[in-house]
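> my_file_27.txt (compact mmCIF, C-alpha atoms) pasted underneath:
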# COMPACT_ATOMS: atom_id res chain seq x y z
CA MET L 210 -28.90 5.91 -28.49
CA VAL L 211 -26.90 6.82 -25.38
CA GLU L 212 -28.24 3.78 -23.56
CA GLU L 213 -27.34 1.55 -26.45
CA ARG L 214 -23.83 2.96 -26.56
CA LEU L 215 -23.33 2.47 -22.83
CA SER L 216 -24.74 -1.04 -22.73
CA ARG L 217 -22.48 -2.04 -25.61
CA ILE L 218 -19.46 -0.82 -23.63
CA GLN L 219 -20.71 -2.55 -20.47
CA ALA L 220 -21.13 -5.81 -22.35
CA CYS L 221 -17.64 -5.47 -23.77
CA LEU L 222 -16.15 -4.79 -20.32
CA SER L 223 -17.71 -7.94 -18.91
CA ASN L 224 -15.47 -9.83 -21.35
CA VAL L 225 -12.22 -8.13 -20.29
CA GLN L 226 -10.34 -10.61 -18.15
CA ASP L 227 -8.29 -9.93 -15.06
CA PRO L 228 -4.68 -10.69 -16.12
CA GLU L 229 -3.90 -12.48 -12.85
CA LEU L 230 -7.23 -14.31 -12.53
CA PRO L 231 -8.02 -14.92 -16.21
CA PHE L 232 -11.17 -16.93 -15.45
CA LEU L 233 -12.76 -13.79 -13.99
CA SER L 234 -13.73 -10.54 -15.67
CA ILE L 235 -12.94 -7.13 -14.25
CA THR L 236 -16.70 -6.59 -13.90
CA GLU L 237 -17.06 -9.70 -11.75
CA LEU L 238 -14.26 -8.44 -9.51
CA GLY L 239 -16.13 -5.17 -9.00
CA MET L 240 -13.42 -3.04 -10.60
CA ILE L 241 -15.77 -1.25 -13.02
CA ARG L 242 -17.52 1.48 -11.06
CA GLY L 243 -19.63 2.81 -13.89
CA CYS L 244 -19.71 4.17 -17.39
CA GLU L 245 -21.07 7.56 -18.36
CA ILE L 246 -21.10 10.10 -21.19
CA ASP L 247 -19.51 13.46 -20.28
CA GLN L 248 -20.54 16.86 -21.69
CA ASN L 249 -18.19 16.44 -24.67
CA GLY L 250 -19.89 13.20 -25.64
CA THR L 251 -16.92 11.11 -24.51
CA ALA L 252 -17.71 7.79 -22.89
CA VAL L 253 -15.92 7.67 -19.52
CA ILE L 254 -15.22 4.24 -18.06
CA LEU L 255 -14.67 4.40 -14.30
CA LEU L 256 -12.13 1.86 -13.07
CA THR L 257 -10.99 1.33 -9.48
CA PRO L 258 -7.78 -0.53 -8.61
CA THR L 259 -8.02 -3.44 -6.17
CA TYR L 260 -4.80 -2.42 -4.38
CA SER L 261 -2.97 0.92 -4.79
CA GLY L 262 0.10 -0.80 -6.14
CA CYS L 263 -1.49 -3.61 -8.12
CA PRO L 264 0.77 -3.93 -11.18
CA ALA L 265 -2.12 -5.35 -13.21
CA THR L 266 -3.95 -2.00 -13.17
CA ASP L 267 -1.92 -0.62 -16.10
CA ALA L 268 -2.39 -3.82 -18.09
CA ILE L 269 -6.13 -3.74 -17.41
CA GLN L 270 -6.38 -0.16 -18.69
CA ASP L 271 -4.61 -1.23 -21.89
CA ASP L 272 -6.89 -4.25 -22.26
CA ILE L 273 -9.99 -2.09 -21.84
CA SER L 274 -8.75 0.38 -24.45
CA GLU L 275 -7.99 -2.38 -26.89
CA ALA L 276 -11.37 -4.07 -26.46
CA VAL L 277 -13.51 -0.92 -26.54
CA SER L 278 -11.63 0.71 -29.43
CA GLU L 279 -12.93 -2.03 -31.73
CA PHE L 280 -16.31 -0.29 -31.92
CA GLU L 281 -15.93 3.03 -30.06
CA THR L 282 -13.50 5.86 -30.81
CA ASN L 283 -14.52 8.52 -28.32
CA PHE L 284 -13.84 7.12 -24.85
CA ARG L 285 -11.37 7.23 -21.97
CA VAL L 286 -10.65 5.22 -18.83
CA LYS L 287 -10.72 7.17 -15.59
CA LEU L 288 -9.12 5.78 -12.43
CA VAL L 289 -11.23 6.41 -9.32
CA HIS L 290 -10.10 5.82 -5.73
CA SER L 291 -13.32 6.48 -3.86
CA PRO L 292 -15.12 4.51 -2.60
CA ALA L 293 -12.16 2.20 -1.96
CA TRP L 294 -12.48 -1.22 -3.57
CA THR L 295 -13.79 -3.94 -1.30
CA THR L 296 -14.24 -7.68 -1.71
CA ASP L 297 -17.88 -7.09 -0.68
CA TRP L 298 -18.47 -6.19 -4.35
CA ILE L 299 -17.69 -9.75 -5.44
CA ASP L 300 -20.97 -11.66 -5.72
CA ASN L 301 -21.68 -15.26 -4.73
CA ASP L 302 -21.52 -16.68 -8.27
CA THR L 303 -18.03 -15.22 -8.68
CA ARG L 304 -16.98 -16.62 -5.30
CA GLU L 305 -18.14 -20.08 -6.42
CA LYS L 306 -16.11 -19.66 -9.60
CA MET L 307 -13.01 -18.92 -7.54
CA LYS L 308 -13.53 -22.12 -5.55
CA ARG L 309 -13.77 -24.14 -8.75
CA HIS L 310 -10.39 -22.70 -9.77
CA GLY L 311 -8.74 -23.64 -6.49
CA ILE L 312 -8.87 -20.25 -4.80
CA ALA L 313 -10.63 -19.83 -1.47
CA PRO L 314 -12.86 -16.76 -1.95
CA PRO L 315 -13.06 -13.89 0.54
CA ASP L 316 -15.20 -15.15 3.39
CA GLY L 317 -18.09 -13.09 4.70
CA ASN L 318 -17.84 -9.34 4.40
CA SER L 319 -15.11 -6.86 5.18
CA ALA L 320 -16.93 -5.52 8.22
CA ASP L 321 -15.84 -8.70 9.99
CA LYS L 322 -12.58 -7.62 11.61
CA ALA L 323 -11.75 -11.01 13.12
CA PHE L 324 -8.32 -11.06 11.56
CA LEU L 325 -7.45 -7.62 12.88
CA LEU L 326 -8.42 -8.62 16.36
CA GLY L 327 -5.90 -11.40 16.22
CA LYS L 328 -8.46 -14.16 15.66
CA GLU L 329 -7.78 -16.36 12.70
CA ARG L 330 -10.48 -16.65 10.11
CA LYS L 331 -11.77 -20.06 9.23
CA VAL L 332 -10.96 -20.52 5.58
CA SER L 333 -12.10 -23.78 4.04
CA CYS L 334 -10.06 -25.69 1.50
CA PRO L 335 -11.33 -25.07 -2.06
CA ARG L 336 -10.47 -28.66 -2.99
CA CYS L 337 -11.71 -30.92 -0.17
CA ARG L 338 -13.89 -28.37 1.73
CA SER L 339 -12.13 -29.15 4.99
CA ALA L 340 -12.17 -26.30 7.51
CA ASN L 341 -8.92 -27.61 8.98
CA THR L 342 -6.57 -25.17 7.25
CA LYS L 343 -3.72 -22.93 8.29
CA MET L 344 -2.25 -19.70 7.00
CA ILE L 345 1.28 -20.14 5.64
CA SER L 346 1.79 -16.49 4.80
CA ALA L 347 -0.36 -13.39 5.08
CA PHE L 348 0.97 -12.35 1.68
CA GLY L 349 0.56 -14.52 -1.40
CA SER L 350 1.32 -14.64 -5.09
CA THR L 351 -0.47 -11.34 -5.75
CA ALA L 352 -1.42 -8.33 -3.61
CA CYS L 353 -4.98 -9.61 -3.26
CA LYS L 354 -4.16 -13.09 -1.96
CA ALA L 355 -2.78 -14.85 1.14
CA HIS L 356 -1.19 -18.29 1.16
CA PHE L 357 -2.88 -21.19 2.96
CA GLN L 358 -2.48 -24.93 3.34
CA CYS L 359 -5.11 -27.57 4.00
CA GLU L 360 -4.24 -29.83 6.94
CA SER L 361 -6.61 -32.55 5.71
CA CYS L 362 -5.60 -32.99 2.07
CA LEU L 363 -2.28 -31.12 2.50
CA GLU L 364 -2.82 -29.03 -0.62
CA PRO L 365 -1.47 -25.48 -0.53
CA PHE L 366 -3.92 -22.92 -1.93
CA ASP L 367 -4.49 -19.20 -2.39
CA HIS L 368 -7.05 -17.32 -0.32
CA PHE L 369 -8.51 -14.10 -1.70
CA LYS L 370 -8.02 -11.61 1.15
CA CYS L 371 -11.15 -10.00 2.54
CA ILE L 372 -10.79 -6.21 2.55
CA MET U 482 -1.92 27.44 0.90
CA GLU U 483 -1.36 25.72 -2.47
CA ASN U 484 2.39 25.58 -1.83
CA HIS U 485 1.85 24.08 1.57
CA LEU U 486 -0.53 21.53 0.13
CA HIS U 487 2.01 20.58 -2.52
CA ALA U 488 4.70 20.26 0.17
CA GLY U 489 2.43 18.19 2.40
CA LEU U 490 1.53 15.82 -0.43
CA LEU U 491 5.20 15.47 -1.38
CA ARG U 492 6.06 14.38 2.16
CA LEU U 493 3.29 11.78 2.09
CA GLY U 494 4.50 10.48 -1.26
CA ASP U 495 8.21 10.61 -0.43
CA ASP U 496 7.81 8.67 2.82
CA VAL U 497 6.24 5.71 1.07
CA LEU U 498 8.27 5.94 -2.14
CA ILE U 499 11.60 5.73 -0.29
CA LEU U 500 10.40 3.00 2.06
CA ALA U 501 9.07 1.01 -0.91
CA GLN U 502 12.48 1.26 -2.58
CA ARG U 503 14.21 0.08 0.62
CA LEU U 504 11.82 -2.86 1.04
CA GLY U 505 12.30 -3.74 -2.62
CA GLU U 506 15.96 -4.41 -1.84
CA TRP U 507 14.80 -7.50 0.07
CA CYS U 508 13.33 -9.04 -3.08
CA GLY U 509 15.24 -12.27 -3.61
CA HIS U 510 17.04 -11.91 -0.24
CA GLY U 511 14.27 -12.58 2.32
CA PRO U 512 15.00 -14.98 5.19
CA ALA U 513 12.25 -17.29 3.88
CA LEU U 514 10.27 -17.35 0.65
CA GLU U 515 7.06 -16.26 2.41
CA GLU U 516 8.80 -13.29 3.99
CA ASP U 517 10.46 -12.35 0.74
CA ILE U 518 7.01 -12.23 -0.86
CA ALA U 519 5.52 -10.37 2.10
CA LEU U 520 8.13 -7.58 2.04
CA SER U 521 7.78 -7.22 -1.73
CA ASN U 522 3.99 -7.09 -1.38
CA VAL U 523 4.22 -4.36 1.24
CA ALA U 524 6.67 -2.48 -1.00
CA LEU U 525 4.21 -2.70 -3.86
CA ASP U 526 1.33 -1.30 -1.81
CA LEU U 527 3.54 1.58 -0.65
CA LEU U 528 4.68 2.27 -4.19
CA GLY U 529 1.04 2.45 -5.28
CA GLN U 530 0.31 4.95 -2.51
CA ALA U 531 3.39 6.97 -3.50
CA ARG U 532 2.23 7.12 -7.13
CA ALA U 533 -1.17 8.44 -6.10
CA PHE U 534 0.24 11.09 -3.74
CA LEU U 535 2.98 12.23 -6.12
CA THR U 536 0.55 12.47 -9.03
CA LEU U 537 -1.73 14.62 -6.89
CA ALA U 538 1.23 16.69 -5.63
CA GLY U 539 2.17 17.40 -9.25
CA GLU U 540 -1.40 18.35 -10.16
CA ARG U 541 -1.76 20.69 -7.18
CA GLU U 542 1.60 22.30 -7.99
CA GLY U 543 0.36 23.08 -11.49
CA ASN U 544 3.75 23.09 -13.23
CA GLY U 545 3.06 20.00 -15.28
CA ARG U 546 5.23 17.64 -13.23
CA ASP U 547 3.87 14.10 -13.10
CA GLU U 548 4.71 11.23 -10.75
CA ASP U 549 7.78 10.25 -12.79
CA ALA U 550 9.16 13.79 -12.88
CA LEU U 551 8.85 13.96 -9.10
CA ALA U 552 10.24 10.49 -8.39
CA TYR U 553 13.10 10.42 -10.88
CA PHE U 554 14.15 14.00 -11.52
CA ARG U 555 14.53 15.52 -8.09
CA THR U 556 17.83 15.55 -6.18
CA ASP U 557 18.34 14.35 -2.60
CA ARG U 558 17.92 17.90 -1.25
CA GLU U 559 14.47 18.07 -2.85
CA PHE U 560 13.19 14.89 -1.18
CA THR U 561 11.23 15.49 2.02
CA ASN U 562 10.79 11.99 3.43
CA ALA U 563 11.43 11.33 7.12
CA LEU U 564 14.97 10.05 7.84
CA LEU U 565 13.60 6.81 9.33
CA VAL U 566 12.52 5.40 5.97
CA GLU U 567 15.82 6.01 4.18
CA LEU U 568 17.98 4.16 6.72
CA PRO U 569 19.68 1.04 5.36
CA ASN U 570 17.78 -2.21 5.84
CA GLY U 571 20.27 -3.75 8.27
CA ASP U 572 19.24 -7.27 9.26
CA PHE U 573 15.67 -8.59 9.12
CA GLY U 574 15.04 -7.41 12.69
CA ASP U 575 16.10 -3.85 11.81
CA THR U 576 13.82 -3.86 8.77
CA ILE U 577 10.79 -5.25 10.57
CA MET U 578 11.23 -2.91 13.55
CA ARG U 579 11.49 0.10 11.24
CA GLN U 580 8.36 -1.17 9.47
CA CYS U 581 6.47 -1.57 12.73
CA LEU U 582 7.39 1.95 13.91
CA PHE U 583 6.37 3.41 10.53
CA ASP U 584 3.19 1.32 10.04
CA GLN U 585 1.73 2.42 13.37
CA PHE U 586 2.45 6.06 12.45
CA ALA U 587 1.16 5.71 8.88
CA LEU U 588 -2.06 4.11 10.08
CA LEU U 589 -2.85 7.06 12.37
CA ARG U 590 -1.89 9.60 9.72
CA TYR U 591 -3.99 7.93 7.00
CA GLU U 592 -6.97 7.55 9.34
CA ALA U 593 -6.88 11.29 10.04
CA LEU U 594 -6.51 12.12 6.33
CA SER U 595 -9.39 9.87 5.36
CA ALA U 596 -11.65 11.47 7.97
CA GLN U 597 -11.35 15.04 6.62
CA SER U 598 -13.64 16.19 3.83
CA ILE U 599 -11.85 19.39 2.74
CA ASP U 600 -9.96 17.59 -0.03
CA LYS U 601 -11.87 14.59 -1.37
CA GLU U 602 -8.97 13.29 -3.46
CA VAL U 603 -6.67 13.16 -0.45
CA SER U 604 -9.29 11.38 1.64
CA ALA U 605 -9.94 8.85 -1.15
CA ILE U 606 -6.26 7.87 -1.45
CA ALA U 607 -5.92 7.74 2.34
CA ALA U 608 -9.05 5.62 2.80
CA LYS U 609 -7.65 3.05 0.41
CA ALA U 610 -4.22 3.18 2.06
CA VAL U 611 -5.75 2.61 5.52
CA LYS U 612 -6.95 -0.83 4.44
CA GLU U 613 -3.53 -1.77 3.12
CA VAL U 614 -1.51 -0.40 6.04
CA ARG U 615 -3.77 -2.14 8.55
CA TYR U 616 -2.65 -5.40 7.01
CA HIS U 617 1.02 -4.33 7.03
CA ALA U 618 0.80 -3.20 10.65
CA GLU U 619 -0.60 -6.56 11.64
CA HIS U 620 2.28 -8.31 9.91
CA SER U 621 5.11 -6.14 11.26
CA SER U 622 3.78 -6.09 14.84
CA GLN U 623 3.37 -9.87 14.87
CA TRP U 624 7.00 -10.22 13.83
CA VAL U 625 8.21 -7.77 16.49
CA ILE U 626 6.31 -9.80 19.11
CA ARG U 627 7.66 -13.10 17.79
CA LEU U 628 11.26 -11.88 17.72
CA GLY U 629 11.06 -9.97 21.01
CA ASP U 630 9.40 -12.82 22.86
CA GLY U 631 11.44 -15.43 21.00
CA THR U 632 14.93 -16.71 21.77
CA SER U 633 17.42 -14.73 23.85
CA GLU U 634 19.36 -14.02 20.65
CA SER U 635 16.32 -12.68 18.75
CA HIS U 636 15.19 -10.71 21.81
CA HIS U 637 18.60 -9.10 22.23
CA ARG U 638 18.91 -8.23 18.55
CA ILE U 639 15.44 -6.73 18.05
CA GLN U 640 15.89 -4.66 21.23
CA LYS U 641 19.10 -3.32 19.70
CA SER U 642 17.22 -2.50 16.48
CA LEU U 643 14.63 -0.59 18.49
CA ASN U 644 17.28 1.34 20.41
CA ARG U 645 19.07 2.27 17.21
CA LEU U 646 15.93 3.44 15.39
CA TRP U 647 14.26 5.22 18.29
CA SER U 648 15.92 8.63 17.82
CA TYR U 649 14.48 8.74 14.28
CA THR U 650 10.86 8.42 15.42
CA GLY U 651 10.53 11.93 16.90
CA GLU U 652 10.78 13.47 13.44
CA LEU U 653 7.52 11.77 12.41
CA PHE U 654 5.63 13.97 14.88
CA ALA U 655 7.54 17.24 14.39
CA ASP U 656 5.32 20.05 13.11
CA ASP U 657 6.48 23.04 11.12
CA ALA U 658 4.94 25.83 9.01
CA VAL U 659 3.67 23.31 6.43
CA THR U 660 1.87 20.97 8.81
CA GLU U 661 0.59 23.84 10.98
CA SER U 662 -0.93 25.61 8.00
CA LEU U 663 -2.51 22.41 6.66
CA ALA U 664 -3.84 21.59 10.11
CA ALA U 665 -5.32 25.09 10.39
CA ASP U 666 -7.15 24.44 7.12
CA GLY U 667 -8.49 21.19 8.55
CA LEU U 668 -6.80 19.20 5.81
CA MET U 669 -4.10 17.28 7.61
CA PRO U 670 -3.69 16.43 11.28
CA LEU U 671 -1.27 18.23 13.56
CA LEU U 672 1.44 15.57 13.80
CA ALA U 673 2.04 16.22 17.49
CA ASN U 674 -1.52 15.02 18.11
CA LEU U 675 -0.66 11.59 16.70
CA GLN U 676 2.28 11.02 19.02
CA LYS U 677 0.33 9.95 22.09
CA PRO U 678 -1.89 7.37 20.32
CA TRP U 679 1.23 6.10 18.51
CA GLN U 680 3.11 5.67 21.77
CA GLU U 681 0.15 3.84 23.24
CA ALA U 682 -0.02 1.48 20.26
CA MET U 683 3.75 0.89 20.36
CA ASN U 684 3.61 0.37 24.10
CA GLN U 685 1.07 -2.44 23.65
CA ILE U 686 3.21 -4.16 21.04
CA LEU U 687 6.47 -3.76 22.95
CA LEU U 688 4.86 -5.01 26.15
CA GLU U 689 3.73 -8.18 24.43
CA ALA U 690 7.13 -8.47 22.79
CA THR U 691 8.81 -8.14 26.23
CA LEU U 692 10.83 -5.22 24.83
CA VAL U 693 11.68 -1.97 26.57
CA MET U 694 10.75 1.38 25.04
CA PRO U 695 13.98 3.40 24.97
CA GLU U 696 14.42 6.63 26.91
CA ASN U 697 14.08 9.75 24.80
CA SER U 698 17.63 10.76 23.99
CA GLY U 699 17.42 13.42 21.33
CA THR U 700 15.73 13.41 17.95
CA GLN U 701 17.29 13.23 14.50
CA THR U 702 15.58 15.65 12.13
CA GLY U 703 16.21 17.27 8.77
CA GLY U 704 14.39 15.03 6.31
CA ARG U 705 11.36 17.32 5.97
CA SER U 706 13.61 20.18 4.87
CA GLY U 707 15.76 18.10 2.54
CA LEU U 708 18.69 17.53 4.91
CA HIS U 709 19.22 13.80 4.74
CA THR U 710 21.58 11.10 5.93
CA GLU U 711 24.29 10.08 3.46
CA HIS U 712 22.27 6.93 2.70
CA LEU U 713 19.59 8.67 0.63
CA SER U 714 21.86 9.71 -2.25
CA TYR U 715 22.96 6.12 -2.85
CA LEU U 716 19.36 4.94 -2.79
CA LEU U 717 18.34 7.63 -5.28
CA ALA U 718 21.28 6.87 -7.55
CA GLU U 719 20.04 3.31 -7.92
CA MET U 720 16.36 4.24 -8.17
CA GLN U 721 16.87 7.02 -10.71
CA VAL U 722 19.66 5.68 -12.90
CA LEU U 723 17.52 4.31 -15.71
CA PRO U 724 15.21 7.28 -16.38
CA ARG U 725 18.15 9.67 -16.00
CA THR U 726 20.32 7.73 -18.43
CA TYR U 727 17.53 7.15 -20.93
CA PRO U 728 14.93 9.91 -20.34
CA GLY U 729 11.51 8.89 -21.62
CA ALA U 730 12.55 5.25 -22.04
CA GLN U 731 9.63 2.86 -22.65
CA TRP U 732 9.37 -0.91 -22.78
Represent the structure of the file as structure tokens.

Amino acid sequence: MVEERLSRIQACLSNVQDPELPFLSITELGMIRGCEIDQNGTAVILLTPTYSGCPATDAIQDDISEAVSEFETNFRVKLVHSPAWTTDWIDNDTREKMKRHGIAPPDGNSADKAFLLGKERKVSCPRCRSANTKMISAFGSTACKAHFQCESCLEPFDHFKCI
Amino acid sequence: MENHLHAGLLRLGDDVLILAQRLGEWCGHGPALEEDIALSNVALDLLGQARAFLTLAGEREGNGRDEDALAYFRTDREFTNALLVELPNGDFGDTIMRQCLFDQFALLRYEALSAQSIDKEVSAIAAKAVKEVRYHAEHSSQWVIRLGDGTSESHHRIQKSLNRLWSYTGELFADDAVTESLAADGLMPLLANLQKPWQEAMNQILLEATLVMPENSGTQTGGRSGLHTEHLSYLLAEMQVLPRTYPGAQW
């Protein structure tokens, strides 16, 4: 009974889209940290923000409430900060999906501090696969992205920052 | 203890709330589109950190004040941010130098907060903030180096920014009853202990930027006890006007 209730919520959450990356679900981005029933029988959905100030977090909470309230009345969304969100939680299938949508996915894992040591990461172009790219700006269209340009095909593209 | 914790959390929140508001003034006015976006992005991260710290400060106070009550319904004398963050933006060099001085401090402070395990909520917010500020610090220090080691005009101007801001940096490391009590509880670092590593980090950056660290010539203080420069009231007037005119407004 409990398991059925939780798996129904989990399934529903995997259909809630990220408002800024609508081809990805919040589950694929690793933002759902779990779902449990508390002692009052309330289903608690644990959500972690990607960045502290990400303006999409409020919209995502509303979207979750709207989707889950279609079949569940006793639930709440709880924002959790620990452990801090990392791009390591994004799996390979999701990274491939990003590429298909023109976004260079986070490369490798966050333990690689190349960028912080002043060495530029090699980010390959999601369109032509060329490794000959340059960073235009460390900050991009959203908190989670940086702006790059391919020197081979000249296309500008977003790179999902690795944190 | 609880009062000191509330005061300590307020300082953490106020520092980043006020700096976020200042950086937000650059939105639409940046020297280049990329920089406009960068400053707004940094502002957004800081605002997120401020929301988390102010929410927690309200909870630990226990009088039912939430983040909005603390951000919008306190007067200038009740804000406890450091003076550095409320100073007007000046030119881009002034802004980026202020950012560099603050980022290096914030990084050390957040690292210390994330390492303690007395208050798990504080360490969780700090651990997240460390990742964000590391990115900001990289950005601001690269700009200081580029401007310092750039043309004679940019070098001259960013050195002037540094000289002007320097007397506001001492306040970041000034301890008082609040920080001493929180340090004794193992919750927050003694600020004086962060000064040496901060100076070393700044020294590295300034060396590469071919800039000269100014002589210590007095320290401006007062922010932590609510005694601010005249600039804060104007900033608050703009930041608070909507919720004060239409309390509880929603859209």
> What's the 12 Å shell around Lys287 (chain L), counting only C-alpha atoms, without same-chain residues fewer than 3 positions away, as a list of chain:residue names?
L:Met240, L:Ile241, L:Arg242, L:Gly243, L:Cys244, L:Glu245, L:Asp247, L:Thr251, L:Ala252, L:Val253, L:Ile254, L:Leu255, L:Leu256, L:Thr257, L:Pro258, L:Thr266, L:Asp267, L:Ile269, L:Gln270, L:Ile273, L:Ser274, L:Phe284, L:His290
> Determine the nearest neighbour of Thr561 (chain U) from the options U:Leu663, U:Leu514, U:Ala718, U:Ile499, counting all atoms listed in the file.
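Of U:Leu663, U:Leu514, U:Ala718, U:Ile499, the one nearest Thr561 (chain U), counting all atoms listed in the file, is U:Ile499.
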> Between CA of Gly509 (chain U) and CA of Pro728 (chain U), measure the distance and give it in Å to one decimal.
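Separation between CA of Gly509 (chain U) and CA of Pro728 (chain U): 27.8 Å.
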> Please check which residues have atoms at most 9 Å from (-4.1, 23.8, -0.1) in the file's coordinates, counting only C-alpha atoms, and write them as a ChimeraX atom specification.
/U:482-487,489,541,600,662-663,666,668
> Please check the contacts: residues of chain U at most 7 Å away from chain L, using only C-alpha atoms, listed as a ChimeraX atom specification.
/U:515,518-519,522,525-530,605-606,608-609,612
> In Å, rounded to a single decimal, give me how far CA of Lys308 (chain L) is from CA of Glu360 (chain L).
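That distance, rounded to one decimal, is 17.4 Å.
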> I'd like the contact shell of Leu551 (chain U) - 9 Å cut-off, all atoms listed in the file, skipping same-chain residues fewer than 4 positions apart - returned as an MDAnalysis selection string.
chainID U and resid 491 535:536 538:539 546:547 555
> I'd like the contact shell of Pro231 (chain L) - 12 Å cut-off, all atoms listed in the file, skipping same-chain residues fewer than 4 positions apart - returned as JSON, numbers by chain.
{"L": [224, 225, 226, 227, 235, 237, 238, 265, 269, 306, 307, 310]}
> Name the closest residue to Gln219 (chain L) among the candidates L:Ala276, L:Arg309, L:Cys362, L:Pro335; distances are taken between atoms, counting only C-alpha atoms.
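Once distances to Gln219 (chain L) are computed over only C-alpha atoms, the minimum belongs to L:Ala276.
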> Would you mind listing what lies within 10 Å of Gln580 (chain U) as a PyMOL selection string, with all atoms listed in the file counted and same-chain residues fewer than 5 positions away left out?
chain U and resi 500+504+520+523+565-566+574-575+585-587+617-618+620-622+625
> Quote the spacing between CA of Ala690 (chain U) and CA of Ile639 (chain U) in Å to one decimal place.
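Distance between the two atoms: 9.7 Å.
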> Would you list the residues near (11.0, 7.9, 10.5) (no more than 12 Å away, in the coordinates of the file, using only C-alpha atoms) as a PyMOL selection string?
chain U and resi 492+495-497+499-500+561-568+578-587+645-655+700-705+709-710
> Which one is closest to Gly250 (chain L): L:Thr296, L:Asn283, L:Thr303, L:Ser223? Count only C-alpha atoms.
L:Asn283
> Do you know which residues are at most 10 Å from Met694 (chain U) counting all atoms listed in the file, after dropping those on the same chain fewer than 6 positions away, and could you put them as number ranges by chain?
U: 640, 643-644, 647, 680, 683-684, 687-688
